[in-house]
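Data block for protein-v1.cif (mmCIF, C-alpha atoms and all ligand atoms):
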data_final
loop_
_atom_site.label_atom_id
_atom_site.label_comp_id
_atom_site.auth_asym_id
_atom_site.auth_seq_id
_atom_site.Cartn_x
_atom_site.Cartn_y
_atom_site.Cartn_z
CA MET A 1 6.19 3.76 -33.53
CA GLU A 2 8.20 1.99 -30.86
CA LYS A 3 6.13 0.65 -27.98
CA LYS A 4 6.43 2.37 -24.60
CA LYS A 5 7.99 0.12 -21.97
CA VAL A 6 6.50 -0.26 -18.51
CA LEU A 7 8.47 -1.94 -15.75
CA GLY A 8 6.66 -3.42 -12.74
CA LEU A 9 8.62 -4.04 -9.54
CA SER A 10 7.36 -5.90 -6.50
CA PHE A 11 9.05 -6.12 -3.11
CA GLY A 12 6.35 -8.40 -1.68
CA ARG A 13 6.03 -12.17 -1.35
CA LYS A 14 5.95 -14.15 -4.57
CA MET A 15 2.32 -14.15 -5.81
CA GLY A 16 1.35 -12.15 -2.70
CA ASN A 17 -0.86 -9.06 -2.67
CA THR A 18 1.80 -6.65 -3.96
CA ASP A 19 2.87 -8.94 -6.82
CA ILE A 20 -0.72 -9.29 -8.01
CA MET A 21 -1.52 -5.57 -7.79
CA VAL A 22 1.61 -4.62 -9.76
CA LYS A 23 0.95 -7.35 -12.36
CA THR A 24 -2.72 -6.26 -12.66
CA ALA A 25 -1.61 -2.71 -13.45
CA LEU A 26 0.90 -4.06 -15.99
CA MET A 27 -1.82 -6.13 -17.70
CA GLU A 28 -3.78 -2.90 -18.36
CA CYS A 29 -0.65 -1.24 -19.76
CA GLU A 30 -0.17 -4.22 -22.08
CA LYS A 31 -3.82 -3.97 -23.17
CA ALA A 32 -3.16 -0.30 -24.01
CA GLY A 33 -0.30 -1.33 -26.32
CA CYS A 34 2.71 -1.01 -24.01
CA GLU A 35 5.54 -3.53 -23.69
CA VAL A 36 5.74 -4.76 -20.10
CA GLN A 37 8.32 -6.39 -17.83
CA PHE A 38 7.93 -7.59 -14.24
CA LEU A 39 10.71 -8.14 -11.70
CA HIS A 40 10.15 -9.80 -8.35
CA VAL A 41 12.92 -7.88 -6.63
CA ASP A 42 12.89 -10.02 -3.48
CA SER A 43 14.08 -13.00 -5.55
CA MET A 44 17.10 -11.05 -6.75
CA ASN A 45 20.48 -10.89 -5.08
CA ILE A 46 20.73 -7.17 -4.42
CA LYS A 47 23.17 -6.24 -1.71
CA PRO A 48 23.00 -3.08 0.40
CA CYS A 49 25.04 -0.02 -0.57
CA THR A 50 28.46 -0.14 1.17
CA GLY A 51 28.71 3.65 1.38
CA CYS A 52 31.97 3.80 -0.61
CA ILE A 53 30.59 6.81 -2.56
CA SER A 54 32.76 5.89 -5.55
CA CYS A 55 29.67 6.55 -7.74
CA VAL A 56 29.50 10.22 -6.76
CA VAL A 57 33.26 10.77 -6.46
CA GLY A 58 33.65 9.26 -9.93
CA MET A 59 31.07 11.57 -11.45
CA THR A 60 32.27 14.74 -9.69
CA THR A 61 35.94 14.16 -10.55
CA GLY A 62 35.17 13.13 -14.14
CA ARG A 63 36.75 9.69 -13.63
CA GLY A 64 33.54 7.65 -13.38
CA LYS A 65 30.05 7.46 -14.81
CA GLY A 66 27.95 6.61 -11.75
CA GLY A 67 28.68 2.87 -11.67
CA CYS A 68 28.67 0.68 -8.55
CA PRO A 69 31.54 -1.69 -7.64
CA VAL A 70 29.24 -4.12 -5.72
CA LYS A 71 28.91 -7.40 -7.64
CA ASP A 72 25.38 -8.83 -7.60
CA ASP A 73 22.11 -8.81 -9.62
CA PHE A 74 21.73 -5.03 -9.48
CA HIS A 75 22.81 -4.71 -13.13
CA ILE A 76 19.63 -6.60 -14.19
CA LEU A 77 17.40 -4.12 -12.38
CA ASP A 78 19.52 -1.20 -13.61
CA GLU A 79 19.22 -2.23 -17.26
CA ALA A 80 15.42 -2.67 -16.88
CA LEU A 81 15.19 0.80 -15.31
CA MET A 82 17.30 2.37 -18.06
CA GLU A 83 15.13 0.76 -20.74
CA CYS A 84 11.71 1.63 -19.32
CA ASP A 85 9.53 4.69 -19.92
CA ALA A 86 7.41 4.06 -16.84
CA VAL A 87 7.76 2.18 -13.59
CA ILE A 88 5.12 0.80 -11.23
CA VAL A 89 6.63 0.03 -7.82
CA GLY A 90 4.88 -1.91 -5.07
CA SER A 91 6.03 -2.67 -1.55
CA PRO A 92 4.44 -4.27 1.48
CA THR A 93 4.57 -2.44 4.79
CA TYR A 94 7.08 -3.79 7.27
CA VAL A 95 6.87 -1.88 10.55
CA MET A 96 5.16 1.16 9.03
CA SER A 97 7.71 1.55 6.22
CA PRO A 98 8.64 -0.20 2.95
CA THR A 99 10.77 -3.35 3.24
CA GLY A 100 14.51 -3.43 3.92
CA ARG A 101 15.24 -4.56 0.37
CA PHE A 102 13.20 -1.66 -0.98
CA LYS A 103 15.46 0.72 0.96
CA SER A 104 18.59 -1.12 -0.27
CA VAL A 105 17.49 -0.60 -3.87
CA CYS A 106 16.73 3.09 -3.19
CA ASP A 107 20.26 3.52 -1.85
CA ARG A 108 21.74 1.81 -4.92
CA ILE A 109 19.80 4.17 -7.24
CA GLY A 110 20.26 7.21 -4.99
CA PRO A 111 23.27 9.49 -5.57
CA SER A 112 24.59 7.20 -8.33
CA HIS A 113 21.48 7.77 -10.47
CA ASP A 114 20.82 11.41 -9.56
CA ILE A 115 20.09 13.05 -12.91
CA THR A 116 21.83 16.29 -11.97
CA PHE A 117 25.09 14.45 -11.15
CA ARG A 118 24.80 12.23 -14.23
CA LYS A 119 23.90 15.05 -16.64
CA ALA A 120 26.80 17.23 -15.46
CA ALA A 121 29.25 14.31 -15.77
CA TYR A 122 27.83 13.52 -19.22
CA ASP A 123 28.03 17.10 -20.54
CA GLU A 124 31.48 17.75 -19.09
CA GLY A 125 32.80 14.40 -20.38
CA LEU A 126 31.40 15.06 -23.84
CA ALA A 127 33.00 18.53 -23.89
CA ALA A 128 36.30 16.94 -22.84
CA GLY A 129 36.10 14.62 -25.85
CA LYS A 130 35.38 11.38 -23.95
CA SER A 131 33.93 8.40 -25.84
CA ALA A 132 30.38 7.12 -25.21
CA ASP A 133 31.58 4.18 -23.08
CA GLN A 134 33.26 6.59 -20.63
CA LEU A 135 30.10 8.66 -20.13
CA PRO A 136 27.01 8.06 -17.93
CA ASP A 137 24.27 6.14 -19.75
CA PRO A 138 22.29 8.80 -21.70
CA ARG A 139 19.10 6.80 -21.01
CA SER A 140 19.47 8.09 -17.42
CA PHE A 141 17.91 11.41 -18.51
CA LYS A 142 14.91 9.90 -20.30
CA LYS A 143 11.59 11.33 -19.09
CA ARG A 144 9.69 8.70 -17.15
CA VAL A 145 6.45 8.46 -15.24
CA GLY A 146 5.83 6.30 -12.20
CA ALA A 147 3.18 4.96 -9.84
CA LEU A 148 3.49 3.70 -6.26
CA ILE A 149 1.55 0.90 -4.56
CA SER A 150 1.72 0.53 -0.79
CA VAL A 151 0.24 -2.60 0.81
CA GLY A 152 -0.37 -3.02 4.54
CA GLY A 153 -1.95 -5.82 6.51
CA ALA A 154 -3.16 -3.54 9.30
CA MET A 155 -6.75 -2.31 9.43
CA THR A 156 -5.63 1.17 10.46
CA LYS A 157 -4.08 3.44 7.85
CA ASN A 158 -1.62 4.94 10.34
CA TRP A 159 0.19 1.58 10.51
CA LEU A 160 1.34 2.43 6.97
CA ALA A 161 2.37 5.94 8.04
CA PHE A 162 5.79 6.17 6.36
CA MET A 163 5.00 4.13 3.26
CA LEU A 164 4.17 6.55 0.45
CA PRO A 165 6.49 9.34 1.65
CA THR A 166 9.36 6.82 1.80
CA MET A 167 8.47 5.23 -1.52
CA TYR A 168 9.35 8.53 -3.21
CA GLU A 169 12.97 7.62 -2.42
CA PHE A 170 12.72 5.25 -5.36
CA THR A 171 11.70 7.84 -7.94
CA MET A 172 13.46 10.94 -6.62
CA SER A 173 17.03 10.62 -7.91
CA MET A 174 16.08 9.50 -11.38
CA GLY A 175 13.52 12.29 -11.64
CA ILE A 176 10.67 9.87 -12.35
CA ASP A 177 7.39 11.85 -12.35
CA VAL A 178 4.94 10.05 -10.06
CA ILE A 179 1.44 10.48 -11.50
CA ASP A 180 -0.49 8.03 -9.31
CA MET A 181 -0.18 6.26 -5.98
CA HIS A 182 -2.40 4.01 -3.95
CA GLU A 183 -2.45 2.57 -0.47
CA TYR A 184 -4.16 -0.76 0.19
CA PHE A 185 -4.55 -1.17 3.94
CA GLY A 186 -6.48 -3.86 5.76
CA ALA A 187 -5.00 -6.54 3.49
CA MET A 188 -5.08 -9.07 6.33
CA ALA A 189 -8.89 -8.85 6.42
CA TYR A 190 -8.86 -10.68 3.07
CA GLU A 191 -7.25 -14.00 2.22
CA HIS A 192 -5.81 -12.33 -0.90
CA VAL A 193 -6.31 -9.14 -2.91
CA LEU A 194 -7.61 -11.38 -5.72
CA GLY A 195 -10.84 -11.60 -3.69
CA ASN A 196 -11.08 -7.83 -3.21
CA GLU A 197 -12.62 -6.42 -6.38
CA PRO A 198 -12.42 -2.67 -5.50
CA GLU A 199 -8.66 -3.05 -4.95
CA MET A 200 -8.25 -5.06 -8.15
CA GLU A 201 -10.11 -2.35 -10.04
CA ARG A 202 -7.94 0.35 -8.48
CA SER A 203 -4.85 -1.54 -9.70
CA ARG A 204 -6.33 -1.70 -13.21
CA GLU A 205 -7.05 2.02 -13.03
CA MET A 206 -3.42 2.64 -12.13
CA GLY A 207 -2.32 0.74 -15.23
CA ARG A 208 -4.69 2.82 -17.37
CA ASN A 209 -3.37 6.02 -15.75
CA ILE A 210 0.22 5.08 -16.59
CA ALA A 211 -0.71 4.19 -20.19
CA ALA A 212 -2.59 7.50 -20.56
CA ALA A 213 0.36 9.49 -19.19
CA LEU A 214 2.68 7.71 -21.64
CA ALA A 215 0.35 8.58 -24.52
CA ALA A 216 0.08 12.28 -23.55
CA ASP A 217 0.75 14.91 -26.22
CA THR A 218 1.84 17.65 -23.86
CA GLU A 219 4.20 17.79 -20.89
CA GLU A 220 1.37 19.14 -18.72
CA GLU A 221 -0.80 16.13 -19.55
CA ARG A 222 2.10 13.68 -19.14
CA VAL A 223 2.81 14.74 -15.55
CA ARG A 224 -0.81 15.44 -14.57
CA TRP A 225 -1.65 14.01 -11.15
CA ARG A 226 -4.03 11.09 -11.59
CA GLY A 227 -4.14 9.84 -7.96
CA GLU A 228 -7.29 9.64 -5.88
CA GLU A 229 -6.29 12.27 -3.29
CA GLU A 230 -4.66 15.69 -3.72
CA GLY A 231 -2.80 15.43 -0.39
CA VAL A 232 -1.56 18.36 1.66
CA CYS A 233 1.55 18.87 -0.54
CA PRO A 234 0.70 19.88 -4.12
CA VAL A 235 3.98 18.45 -5.45
CA CYS A 236 4.20 14.92 -3.97
CA HIS A 237 0.54 14.70 -2.89
CA CYS A 238 1.52 13.17 0.46
CA ASP A 239 -0.04 14.16 3.76
CA MET A 240 3.06 14.26 5.93
CA LEU A 241 4.40 17.50 7.44
CA THR A 242 7.19 18.42 9.82
CA VAL A 243 7.28 21.56 11.96
CA SER A 244 10.28 23.95 11.88
CA LYS A 245 12.35 24.17 15.06
CA ASP A 246 11.21 27.75 15.69
CA ARG A 247 7.58 26.68 15.08
CA THR A 248 7.07 29.34 12.35
CA TYR A 249 6.57 27.15 9.28
CA VAL A 250 6.00 23.57 8.18
CA GLU A 251 7.94 21.44 5.70
CA CYS A 252 6.98 18.67 3.35
CA PRO A 253 9.64 16.08 4.27
CA VAL A 254 9.37 14.37 0.87
CA CYS A 255 9.97 17.52 -1.20
CA GLY A 256 12.05 19.43 1.38
CA ILE A 257 10.01 22.60 0.82
CA GLU A 258 8.65 25.16 3.26
CA GLY A 259 5.01 26.12 3.60
CA GLU A 260 2.65 28.18 5.69
CA LEU A 261 0.15 26.30 7.81
CA LYS A 262 -3.45 27.51 7.68
CA GLN A 263 -6.59 26.46 9.44
CA GLU A 264 -9.96 27.49 8.05
CA ASN A 265 -13.35 26.16 9.10
CA GLY A 266 -11.63 23.45 11.14
CA LYS A 267 -9.59 22.22 8.13
CA ILE A 268 -5.80 22.26 7.93
CA SER A 269 -4.15 23.36 4.68
CA VAL A 270 -0.68 24.52 3.72
CA TYR A 271 0.32 27.30 1.34
CA PHE A 272 3.47 26.52 -0.63
CA SER A 273 4.74 29.40 -2.82
CA GLU A 274 5.58 28.78 -6.48
CA ALA A 275 9.28 29.32 -5.64
CA GLN A 276 9.14 26.60 -2.97
CA LYS A 277 7.28 24.17 -5.25
CA LYS A 278 9.93 24.71 -7.91
CA ARG A 279 12.71 23.79 -5.47
CA SER A 280 11.10 20.48 -4.46
CA ARG A 281 13.71 17.73 -4.64
CA LEU A 282 11.31 15.92 -6.95
CA HIS A 283 12.14 18.61 -9.52
CA TRP A 284 15.42 19.42 -11.27
CA ASP A 285 16.02 22.65 -9.28
CA GLY A 286 15.76 20.92 -5.90
CA LYS A 287 18.10 18.12 -6.96
CA LEU A 288 20.56 20.63 -8.42
CA GLU A 289 20.52 22.56 -5.13
CA HIS A 290 21.63 19.38 -3.37
CA SER A 291 24.23 18.16 -5.89
CA THR A 292 25.72 21.68 -5.91
CA GLU A 293 26.04 21.78 -2.13
CA ILE A 294 27.80 18.39 -2.23
CA LYS A 295 30.11 19.49 -5.04
CA THR A 296 30.99 22.83 -3.47
CA ARG A 297 30.98 22.11 0.27
CA ALA A 298 31.91 18.47 0.84
CA VAL A 299 35.60 18.21 1.68
CA GLY A 300 38.03 15.59 0.42
CA PRO A 301 40.57 13.50 2.37
CA GLY A 302 43.71 15.02 3.94
CA GLN A 303 42.00 17.87 5.84
CA ILE A 304 42.87 16.45 9.29
CA PRO A 305 46.63 15.80 9.23
CA ASN A 306 46.66 13.51 12.32
CA LEU A 307 43.47 11.61 11.48
CA LYS A 308 45.22 8.22 11.53
CA GLU A 309 46.48 8.89 15.03
CA LEU A 310 43.07 10.18 16.20
CA LYS A 311 41.41 6.98 14.97
CA GLU A 312 43.86 4.68 16.76
CA PRO A 313 42.00 4.35 20.15
CA TYR A 314 38.78 3.43 18.30
CA LYS A 315 40.24 0.56 16.28
CA GLY A 316 38.50 -2.61 17.44
CA TYR A 317 37.24 -0.83 20.58
CA ALA A 318 34.74 -2.98 22.54
CA GLU A 319 34.30 -5.26 19.51
CA ALA A 320 33.72 -8.94 20.25
C1 LIG A 401 7.96 -8.02 9.44
C2 LIG A 401 6.58 -7.57 9.09
C3 LIG A 401 6.12 -6.36 9.57
C4 LIG A 401 4.86 -5.88 9.22
N1 LIG A 401 4.47 -4.65 9.66
C5 LIG A 401 3.31 -4.12 9.23
C6 LIG A 401 2.94 -2.78 9.58
O1 LIG A 401 3.64 -2.07 10.30
N2 LIG A 401 1.79 -2.29 9.05
C7 LIG A 401 0.96 -3.03 8.26
O2 LIG A 401 -0.06 -2.51 7.82
N3 LIG A 401 1.28 -4.31 7.92
C8 LIG A 401 2.43 -4.86 8.37
N4 LIG A 401 2.79 -6.16 7.99
C9 LIG A 401 1.86 -6.93 7.15
C10 LIG A 401 2.20 -6.89 5.65
O3 LIG A 401 2.30 -5.56 5.20
C11 LIG A 401 1.12 -7.61 4.87
O4 LIG A 401 1.14 -8.98 5.22
C12 LIG A 401 1.24 -7.49 3.35
O5 LIG A 401 0.08 -7.98 2.77
C13 LIG A 401 2.39 -8.25 2.76
O6 LIG A 401 2.43 -8.01 1.39
P1 LIG A 401 2.48 -9.20 0.30
O7 LIG A 401 1.20 -9.98 0.44
O8 LIG A 401 2.58 -8.53 -1.00
O9 LIG A 401 3.70 -9.99 0.62
C14 LIG A 401 4.01 -6.68 8.39
C15 LIG A 401 4.49 -7.91 7.91
C16 LIG A 401 5.74 -8.35 8.25
C17 LIG A 401 6.23 -9.68 7.70
#

Output the file's structure as structure tokens, nothing else.
Ligand SMILES: Cc1cc2nc3c(=O)[nH]c(=O)nc-3n(C[C@H](O)[C@H](O)[C@H](O)COP(=O)(O)O)c2cc1C
Amino acid sequence: MEKKKVLGLSFGRKMGNTDIMVKTALMECEKAGCEVQFLHVDSMNIKPCTGCISCVVGMTTGRGKGGCPVKDDFHILDEALMECDAVIVGSPTYVMSPTGRFKSVCDRIGPSHDITFRKAAYDEGLAAGKSADQLPDPRSFKKRVGALISVGGAMTKNWLAFMLPTMYEFTMSMGIDVIDMHEYFGAMAYEHVLGNEPEMERSREMGRNIAAALAADTEEERVRWRGEEEGVCPVCHCDMLTVSKDRTYVECPVCGIEGELKQENGKISVYFSEAQKKRSRLHWDGKLEHSTEIKTRAVGPGQIPNLKELKEPYKGYAEA
């Protein structure tokens, strides 16, 4: 049987805490019989998304397959992502969130890699008799599992507040099922994570969790949550909530689903209905809801006849 492939990605300093934690998890995957690959993403030339949206326009018009016109090292990361069956992503905390490069990569694998856009373009292209090289990469729809590692120097967990919720931006579009995540805070109280055995062991455990998910016989077992905390949201297992404008319900900002806030015996919990859980943007239905609204409601050019004229006073305005 072909070996399962696990890709480890680090957005931290070379041989820093994040690198070591991701590599430690990979070592366990290798021990369990997986093939592993590590990419230190900060050493790669990956430019930010320019916002041209040619990826989405190409897929929705049937002229493209989700490719990006920006020329840089992204194709190396893309090929590794297409090949892998699991991905372990680690990022340090920079000002409470993942690093700028992490966000740049999320943008490059955002709409362009959304499985609902890609699958529709693939199926429609196939039906229209297109050849394989004109269709989105079929490896885009492969089932994958993932794990997230957040590393923060601060001693207080709230200085990593947006880390794990934001890190879901990496896995969301490709529909990677996150089965474990871990936050290492207080990293600056140690010279290096290599001297912090509980954290090293937690990284090993993550590797074992990924290998076990890859070896699962059933879909239920494959996607089973293996993280240390259930979290307030039963889909993403994060603890972040936003409150609706009319103050009648709360939302999980990661999943985009509505829930009912409860307080019992001094403890806060949220009830999310099965229908809401199903429409989480981490699932196919939630992504389809979004790609459909873009396909059916986003308007093309030529709607404002005098747009060129309207733009004129803004051209170069107050620019140095
Ligand atoms: C620009 C910058 C901002 C940072 N902001 C935070 C922060 O908001 N919260 C935190 O916990 N650590 C913060 N840190 C500390 C890093 O998260 C910490 O040094 C981490 O261990 C770096 O990961 P690495 O060792 O894998 O490179 C910041 C570091 C830098 C360079």

6 Å from ligand LIG 401 (chain A) is the threshold here; counting all atoms listed in the file, which polymer residues fall inside it? Answer as a PyMOL selection string. chain A and resi 12-13+16-19+92-96+151-154+159-160+187

Within 9 Å of segment 163-168 of chain A, counting only C-alpha atoms, which residues qualify if same-chain residues fewer than 2 places away don't, as a ChimeraX atom specification? /A:89-93,96-98,102-103,106,148-151,160-161,170-172,178,181-183,236,238-240,253-254,282

Selected residues written out, C-alpha atoms, as a PDB file, in the frame of the given file:
ATOM      1  CA  VAL A  89       6.630   0.030  -7.820  1.00  0.00           C
ATOM      2  CA  GLY A  90       4.880  -1.910  -5.070  1.00  0.00           C
ATOM      3  CA  SER A  91       6.030  -2.670  -1.550  1.00  0.00           C
ATOM      4  CA  PRO A  92       4.440  -4.270   1.480  1.00  0.00           C
ATOM      5  CA  THR A  93       4.570  -2.440   4.790  1.00  0.00           C
ATOM      6  CA  MET A  96       5.160   1.160   9.030  1.00  0.00           C
ATOM      7  CA  SER A  97       7.710   1.550   6.220  1.00  0.00           C
ATOM      8  CA  PRO A  98       8.640  -0.200   2.950  1.00  0.00           C
ATOM      9  CA  PHE A 102      13.200  -1.660  -0.980  1.00  0.00           C
ATOM     10  CA  LYS A 103      15.460   0.720   0.960  1.00  0.00           C
ATOM     11  CA  CYS A 106      16.730   3.090  -3.190  1.00  0.00           C
ATOM     12  CA  LEU A 148       3.490   3.700  -6.260  1.00  0.00           C
ATOM     13  CA  ILE A 149       1.550   0.900  -4.560  1.00  0.00           C
ATOM     14  CA  SER A 150       1.720   0.530  -0.790  1.00  0.00           C
ATOM     15  CA  VAL A 151       0.240  -2.600   0.810  1.00  0.00           C
ATOM     16  CA  LEU A 160       1.340   2.430   6.970  1.00  0.00           C
ATOM     17  CA  ALA A 161       2.370   5.940   8.040  1.00  0.00           C
ATOM     18  CA  PHE A 170      12.720   5.250  -5.360  1.00  0.00           C
ATOM     19  CA  THR A 171      11.700   7.840  -7.940  1.00  0.00           C
ATOM     20  CA  MET A 172      13.460  10.940  -6.620  1.00  0.00           C
ATOM     21  CA  VAL A 178       4.940  10.050 -10.060  1.00  0.00           C
ATOM     22  CA  MET A 181      -0.180   6.260  -5.980  1.00  0.00           C
ATOM     23  CA  HIS A 182      -2.400   4.010  -3.950  1.00  0.00           C
ATOM     24  CA  GLU A 183      -2.450   2.570  -0.470  1.00  0.00           C
ATOM     25  CA  CYS A 236       4.200  14.920  -3.970  1.00  0.00           C
ATOM     26  CA  CYS A 238       1.520  13.170   0.460  1.00  0.00           C
ATOM     27  CA  ASP A 239      -0.040  14.160   3.760  1.00  0.00           C
ATOM     28  CA  MET A 240       3.060  14.260   5.930  1.00  0.00           C
ATOM     29  CA  PRO A 253       9.640  16.080   4.270  1.00  0.00           C
ATOM     30  CA  VAL A 254       9.370  14.370   0.870  1.00  0.00           C
ATOM     31  CA  LEU A 282      11.310  15.920  -6.950  1.00  0.00           C
TER      32      LEU A 282
END

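Put simply, atom CA of Glu229 of chain A is 27.0 Å away from atom CA of Gly100 of chain A.
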
Just to confirm, what's the straight-line distance from atom CA of Pro198 of chain A to atom CA of Val87 of chain A in Å (one decimal)?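 Value for the atom CA of Pro198 of chain A-atom CA of Val87 of chain A distance: 22.3 Å.
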
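The closest residue to Cys252 of chain A, picked from A:Pro313, A:Leu135, A:Glu264, A:Arg281 and counting all atoms listed in the file, is A:Arg281.
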
Nearest to Phe141 of chain A: which of A:Trp284, A:Arg208, A:Leu241, A:Cys68 is it, counting all atoms listed in the file?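 The closest residue to Phe141 of chain A is A:Trp284.
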
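Put simply, atom CA of Glu205 of chain A is 11.4 Å away from atom CA of Val22 of chain A.
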
Which residue, A:Asp217, A:Glu289, A:Glu274, A:Asp180, has the smallest gap to His237 of chain A when you use all atoms listed in the file?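 Ranking A:Asp217, A:Glu289, A:Glu274, A:Asp180 by distance to His237 of chain A, first place goes to A:Asp180.
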
From A:Ser291, A:Asn158, A:Asn45, A:Glu197, residue lying nearest Gly110 of chain A [only C-alpha atoms]: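 The shortest atom-to-atom distance to Gly110 of chain A comes from A:Ser291.
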
Take every atom of segment 135-141 of chain A listed in the file, pad by 4 Å on each side, and give me the axis-aligned box centre and edge lengths in Å, one decimal, as JSON.
{"center_x": 24.0, "center_y": 8.8, "center_z": -19.6, "size_x": 20.2, "size_y": 13.3, "size_z": 12.3}

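With distances restricted to only C-alpha atoms, A:Val235 is the closest residue to Lys278 of chain A from A:Leu39, A:Val235, A:Ile304, A:Ala128.
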
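Proximity to Lys31 of chain A was assessed for A:Pro138, A:Asn196, A:Lys3, A:Ala120 counting only C-alpha atoms; the smallest distance is recorded for A:Lys3.
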
Contacts of Thr248 of chain A at 10 Å or less, counting all atoms listed in the file, minus same-chain residues fewer than 5 places along, as number ranges by chain? A: 243, 259-261

Could you pull the residues within 10 Å of Gly8 of chain A, counting all atoms listed in the file, minus those fewer than 2 positions along the same chain, as a list in words? Lys5, Val6, Ser10, Asp19, Met21, Val22, Lys23, Thr24, Ala25, Leu26, Val36, Gln37, Phe38, Leu39, His40, Val41, Ala80, Leu81, Cys84, Ala86, Val87, Ile88, Val89, Gly90, Gly146 and Ala147 of chain A

Counting only C-alpha atoms, find the residues whose atoms lie at most 12 Å from (7.8, 2.5, -31.4) (file coordinates) and write them out as a ChimeraX atom specification. /A:1-5,33-35,85,215

Residues just named, written with C-alpha atoms as a compact mmCIF listing (two decimals), keeping the file's coordinate frame:
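Output saved as again_38.txt:
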# COMPACT_ATOMS: atom_id res chain seq x y z
CA MET A 1 6.19 3.76 -33.53
CA GLU A 2 8.20 1.99 -30.86
CA LYS A 3 6.13 0.65 -27.98
CA LYS A 4 6.43 2.37 -24.60
CA LYS A 5 7.99 0.12 -21.97
CA GLY A 33 -0.30 -1.33 -26.32
CA CYS A 34 2.71 -1.01 -24.01
CA GLU A 35 5.54 -3.53 -23.69
CA ASP A 85 9.53 4.69 -19.92
CA ALA A 215 0.35 8.58 -24.52

Could you produce a table of the residues of segment 157-207 of chain A lying within 8 Å of segment 113-116 of chain A, with the nearest pair of atoms per residue and their separation in Å rounded to one decimal, using all atoms listed in the file, ordered by chain and increasing residue number, as JSON lines?
{"residue": "A:Met172", "atom": "CA", "partner": "A:Asp114", "partner_atom": "CA", "distance": 7.9}
{"residue": "A:Ser173", "atom": "CA", "partner": "A:Asp114", "partner_atom": "CA", "distance": 4.2}
{"residue": "A:Met174", "atom": "CA", "partner": "A:Asp114", "partner_atom": "CA", "distance": 5.4}
{"residue": "A:Gly175", "atom": "CA", "partner": "A:Ile115", "partner_atom": "CA", "distance": 6.7}
